[in-house]
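J.: One structure follows; several queries about it will come next.
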Amino acid sequence: MTDQTYCDRLVQDTPFLTGQGRLSEQQVDRIILQLNRYYPQILTNKEAEKFRNPKASLRVRLCDLLSHLQQRGERHCQEFYRALYIHAQPLHSNLPSRHTLRPMSFLAGLGLAAGLALLLYCCPPDPKVLPGTRRILAFSPVIIDRHVSRYLLAFLADDLGGY
């Protein structure tokens, strides 16, 4: 669906994550501890201590952690997103990188509906070749996104009256 890697997503989400009041100190500590305890290959004990240092501000520690993960690679960024989902699910749902994926699925569904509508409009009805095709396509909006179903059903409404 998209070619965006976890590292690309982390670059896009970093300004959002480091914004004032987004992540609490406890959430950041839990994320660091999860990356250290469950995945010691992601964060060593020494690195975890560095990112949990209370002498540095939370924003600086978080920026350092995110840049460290980006430098280490895709797997490290993926595990960060997993830990973020576990410890800050509402924030994870509002990430900018997640919102860029939603319009693409809507546009793909709309393109599919437009293609089906064009097919129905351009192809003359031939009962010998495809009997009941319009009935099958009339139920396809159930499978397709609800926004697209309005357009496809409106197009097929007149044609279904004869069946």
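Here, A, B, ... name the chains of the structure tokens in the order displayed, residue numbers run from 1 inside each chain, and ligands are numbered from 1 in the same displayed order.
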Using DSSP secondary structure from the backbone, list all alpha helix (DSSP H) positions within range 20-92 of chain A, as a VMD selection string.
T.: chain A and resid 25 to 37 45 to 51 58 to 72 74 to 87 89 to 92
J.: I'd like a table as CSV: residues in range 3-26 of chain A with an atom no more than 9 Å from range 75-85 of chain A, each row giving the shortest atom pair and its distance in Å to one decimal, only C-alpha atoms counted, sorted by chain and rising residue number.
T.:
```
residue,atom,partner,partner_atom,distance
A:Thr5,CA,A:Gln78,CA,8.9
A:Tyr6,CA,A:Cys77,CA,5.6
A:Cys7,CA,A:Cys77,CA,5.7
A:Arg9,CA,A:Cys77,CA,8.7
A:Leu10,CA,A:Cys77,CA,7.0
```
J.: Give the answer as one residue: which of A:Lys55, A:Gly115, A:Leu62, A:Gln70 has the shortest atom-to-atom distance to Ser24 in chain A, using only C-alpha atoms?
T.: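 Closest residue, counting only C-alpha atoms: A:Leu62.
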J.: In Å, with one decimal, what is the gap from CA of Leu58 in chain A to CA of Leu23 in chain A?
T.: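 So the answer is 8.9 Å.
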J.: Counting only C-alpha atoms, what is within 10 Å of Val60 in chain A, bar same-chain residues fewer than 6 positions away, as a ChimeraX atom specification?
T.: /A:18,51,66
J.: Residues of the last selection are to be written out with N, CA and C atoms, as a PDB file, in the first residue's frame.
T.:
```
ATOM      1  N   THR A  18       7.910  14.859  19.845  1.00  0.00           N
ATOM      2  CA  THR A  18       8.705  15.694  20.749  1.00  0.00           C
ATOM      3  C   THR A  18       7.979  16.981  21.125  1.00  0.00           C
ATOM      4  N   PHE A  51      19.421   7.411  28.063  1.00  0.00           N
ATOM      5  CA  PHE A  51      18.144   7.989  27.656  1.00  0.00           C
ATOM      6  C   PHE A  51      17.178   8.174  28.822  1.00  0.00           C
ATOM      7  N   LEU A  66      15.174   9.011  19.571  1.00  0.00           N
ATOM      8  CA  LEU A  66      14.619   8.849  18.227  1.00  0.00           C
ATOM      9  C   LEU A  66      15.695   8.906  17.157  1.00  0.00           C
TER      10      LEU A  66
END
```
J.: I'd like the neighbourhood of Asp8 in chain A as a PyMOL selection string, where a residue qualifies if any of its atoms comes within 9 Å (using only C-alpha atoms), though same-chain residues fewer than 4 positions away should be ignored.
T.: chain A and resi 4+12-13+70+97
J.: Please measure the separation of CA of Ala48 in chain A and CA of Gln71 in chain A, giving the value in Å to one decimal.
T.: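 Between CA of Ala48 in chain A and CA of Gln71 in chain A the gap is 15.8 Å.
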